[in-house]
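The structure under discussion appears below in the form of structure tokens.
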Amino acid sequence: MAKKSKSKKVEEEPQLKKMLLWIMEKRIYFFSLLASVVFLNIILYKLKPFFKKKSIDSSMLVEKTYSSWKDSSYNDRDKLSQLKAYIKKHPNLKPKYEGLIVQNLLINEKFLKEDESLASSALDRTKDELPFYYEFAKVALLINKEDYVKALDSSKELKANMLCDLSFLQSETLPAGAVLYSFNLLRIALLEAKLNNEKEEMIAWQELEDYLKMGSEKDLNENIKLAAKALNQIFNENEIKLRDYILYRKSSLSSVES
């Protein structure tokens, strides 16, 4: 029986390593964009009152075109061009569809230079009302352009700005500012890794662990519990735990240093 158990463990280890390596390969693109999608959806929710009044005919036409583009797995650039033309003609529909278009282009890795103006338009409406979410989403565009140095600098600046606004971290409710803050800490760690900044990456992972109080989660306040849950759900969808991934990275960095 012990032999069988040992054999099973040996089989599981390569599978775990495979998943970890996959996450290492996809970490910048996958996590940064998925996190941005989360916050783009939040932005859309906040903007709903602005696009409630709209022509039924134009709304149905745009919805039909969007559905056709979606059915093409977001591959049909002609349908996308048609969709862009419709929302340009009916500006009251922009708040709903621009964000959806941008998030699907990003997450399906089909975002091109020609789409940047659309992304800027979608994000600019959020700049005054949701400045931190705006800055966070903007970094996804830098990552998409592989401008990792600027993306890291912007992420660190965002972190500093959030720390200066305690009301945001303590009482923001859509979602808790702690969620955005923790996603940004994760992004910093991943960008440090991408740039091979080993010491800085180790510090960044430790900071994320400390913020989420890993190992003593019972001491977390409700906002940070929500942040931990959001991060863990993303990792769990890929059958791995956030804590395991952090330990893996820290172990890899330790072995490099020694």
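In the structure tokens, each chain is lettered A, B, ... as it comes, each chain's residues begin at 1, and ligands are numbered from 1 in order of appearance.
Residues with any atom within 9 Å of A:Leu141, counting only C-alpha atoms and excluding same-chain neighbours fewer than 4 positions away, are Leu33, Leu106, Glu116, Ala119, Ala137, Lys145, Glu146, Asp147 and Ala151 of chain A.
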Cut-off 10 Å: closest stretch 117-177 of chain A/stretch 184-207 of chain A atom pairs per residue, using only C-alpha atoms, as JSON lines:
```
{"residue": "A:Phe136", "atom": "CA", "partner": "A:Asn184", "partner_atom": "CA", "distance": 7.4}
{"residue": "A:Val139", "atom": "CA", "partner": "A:Arg187", "partner_atom": "CA", "distance": 9.6}
{"residue": "A:Ala140", "atom": "CA", "partner": "A:Arg187", "partner_atom": "CA", "distance": 9.8}
{"residue": "A:Ile143", "atom": "CA", "partner": "A:Leu191", "partner_atom": "CA", "distance": 9.1}
{"residue": "A:Tyr148", "atom": "CA", "partner": "A:Leu191", "partner_atom": "CA", "distance": 6.6}
{"residue": "A:Val149", "atom": "CA", "partner": "A:Leu195", "partner_atom": "CA", "distance": 7.6}
{"residue": "A:Ala151", "atom": "CA", "partner": "A:Leu191", "partner_atom": "CA", "distance": 7.8}
{"residue": "A:Leu152", "atom": "CA", "partner": "A:Leu191", "partner_atom": "CA", "distance": 6.0}
{"residue": "A:Asp153", "atom": "CA", "partner": "A:Ile188", "partner_atom": "CA", "distance": 8.9}
{"residue": "A:Ser154", "atom": "CA", "partner": "A:Ile188", "partner_atom": "CA", "distance": 9.5}
{"residue": "A:Ser155", "atom": "CA", "partner": "A:Ile188", "partner_atom": "CA", "distance": 6.3}
{"residue": "A:Lys156", "atom": "CA", "partner": "A:Ile188", "partner_atom": "CA", "distance": 7.0}
{"residue": "A:Leu158", "atom": "CA", "partner": "A:Asn184", "partner_atom": "CA", "distance": 8.0}
{"residue": "A:Lys159", "atom": "CA", "partner": "A:Asn184", "partner_atom": "CA", "distance": 7.0}
```
Using N, CA and C atoms, can you export the residues from the last selection as an mmCIF file, in the first residue's frame?
```
data_model
loop_
_atom_site.group_PDB
_atom_site.id
_atom_site.type_symbol
_atom_site.label_atom_id
_atom_site.label_comp_id
_atom_site.auth_asym_id
_atom_site.auth_seq_id
_atom_site.Cartn_x
_atom_site.Cartn_y
_atom_site.Cartn_z
ATOM 1 N N PHE A 136 -4.490 50.853 -13.393
ATOM 2 C CA PHE A 136 -4.220 49.413 -13.405
ATOM 3 C C PHE A 136 -4.482 48.831 -14.794
ATOM 4 N N VAL A 139 -1.855 49.601 -17.518
ATOM 5 C CA VAL A 139 -0.620 48.819 -17.484
ATOM 6 C C VAL A 139 -0.754 47.559 -18.344
ATOM 7 N N ALA A 140 -1.977 47.002 -18.435
ATOM 8 C CA ALA A 140 -2.189 45.822 -19.279
ATOM 9 C C ALA A 140 -1.812 46.122 -20.727
ATOM 10 N N ILE A 143 1.918 46.020 -21.039
ATOM 11 C CA ILE A 143 2.368 44.625 -21.048
ATOM 12 C C ILE A 143 2.105 44.003 -22.412
ATOM 13 N N TYR A 148 7.828 46.114 -20.520
ATOM 14 C CA TYR A 148 7.787 45.626 -19.148
ATOM 15 C C TYR A 148 8.404 46.588 -18.139
ATOM 16 N N VAL A 149 9.434 47.314 -18.557
ATOM 17 C CA VAL A 149 10.083 48.263 -17.636
ATOM 18 C C VAL A 149 9.100 49.368 -17.246
ATOM 19 N N ALA A 151 5.883 49.219 -17.521
ATOM 20 C CA ALA A 151 4.760 48.593 -16.817
ATOM 21 C C ALA A 151 5.093 48.409 -15.331
ATOM 22 N N LEU A 152 6.320 48.014 -15.056
ATOM 23 C CA LEU A 152 6.749 47.836 -13.666
ATOM 24 C C LEU A 152 6.792 49.180 -12.940
ATOM 25 N N ASP A 153 7.362 50.185 -13.574
ATOM 26 C CA ASP A 153 7.430 51.523 -12.963
ATOM 27 C C ASP A 153 6.021 52.044 -12.660
ATOM 28 N N SER A 154 5.111 51.867 -13.608
ATOM 29 C CA SER A 154 3.730 52.339 -13.427
ATOM 30 C C SER A 154 3.034 51.575 -12.306
ATOM 31 N N SER A 155 3.300 50.281 -12.212
ATOM 32 C CA SER A 155 2.689 49.464 -11.161
ATOM 33 C C SER A 155 3.183 49.883 -9.780
ATOM 34 N N LYS A 156 4.464 50.213 -9.694
ATOM 35 C CA LYS A 156 5.024 50.656 -8.413
ATOM 36 C C LYS A 156 4.472 52.036 -8.028
ATOM 37 N N LEU A 158 1.545 53.166 -8.930
ATOM 38 C CA LEU A 158 0.156 52.921 -8.532
ATOM 39 C C LEU A 158 0.093 52.423 -7.095
ATOM 40 N N LYS A 159 0.989 51.526 -6.753
ATOM 41 C CA LYS A 159 1.045 51.005 -5.379
ATOM 42 C C LYS A 159 1.251 52.143 -4.388
#
```
Got a sec: who's within 7 Å of stretch 81-93 of chain A, counting only C-alpha atoms, leaving out chain neighbours fewer than 2 positions off, as a VMD selection string? chain A and resid 51 54 62 65 to 66 77 to 79 95 to 97
Export of prior selection with N, CA and C atoms as a tab-separated table (two decimals), in the first residue's frame:
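Result file is result31.tsv:
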```tsv
chain	number	residue	atom	x	y	z
A	51	PHE	N	-25.41	54.33	-19.97
A	51	PHE	CA	-25.88	53.83	-21.25
A	51	PHE	C	-27.23	53.13	-21.17
A	54	LYS	N	-30.93	54.40	-24.65
A	54	LYS	CA	-30.38	54.21	-25.97
A	54	LYS	C	-31.46	53.74	-26.92
A	62	VAL	N	-26.22	46.56	-32.88
A	62	VAL	CA	-24.87	46.43	-32.33
A	62	VAL	C	-24.73	45.10	-31.58
A	65	THR	N	-24.24	42.34	-34.07
A	65	THR	CA	-22.90	42.37	-34.65
A	65	THR	C	-21.87	41.86	-33.63
A	66	TYR	N	-22.04	42.28	-32.37
A	66	TYR	CA	-21.14	41.80	-31.32
A	66	TYR	C	-21.23	40.28	-31.18
A	77	ARG	N	-12.03	40.07	-38.15
A	77	ARG	CA	-11.69	41.49	-38.05
A	77	ARG	C	-12.69	42.36	-38.84
A	78	ASP	N	-13.33	41.77	-39.86
A	78	ASP	CA	-14.35	42.53	-40.60
A	78	ASP	C	-15.54	42.84	-39.70
A	79	LYS	N	-15.95	41.82	-38.92
A	79	LYS	CA	-17.06	42.02	-37.98
A	79	LYS	C	-16.67	43.03	-36.92
A	95	PRO	N	-19.90	53.19	-23.99
A	95	PRO	CA	-19.53	52.71	-22.65
A	95	PRO	C	-19.78	51.22	-22.44
A	96	LYS	N	-20.77	50.67	-23.10
A	96	LYS	CA	-21.05	49.24	-22.94
A	96	LYS	C	-20.11	48.38	-23.78
A	97	TYR	N	-19.94	48.74	-25.05
A	97	TYR	CA	-19.24	47.83	-25.97
A	97	TYR	C	-17.74	48.04	-26.06
```
Taking 6 positions as the minimum chain separation for residues in the same chain, which residues sit within 12 Å of A:Asn221 when counting only C-alpha atoms? Answer as a PyMOL selection string. chain A and resi 169-171+176+178+211-213+227-228
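The two atoms in question, atom CA of A:Val102 and atom CA of A:Ser68, are spaced 16.1 Å apart.
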Rounded to one decimal, what separation in Å do you get between atom CA of A:Asn161 and atom CA of A:Tyr133?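 One can read the atom CA of A:Asn161 to atom CA of A:Tyr133 distance as 11.9 Å.
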Extract the full set of alpha helix (DSSP H) residues from stretch 57-91 of chain A according to DSSP on the backbone, and format it as a ChimeraX atom specification. /A:57-71,77-89
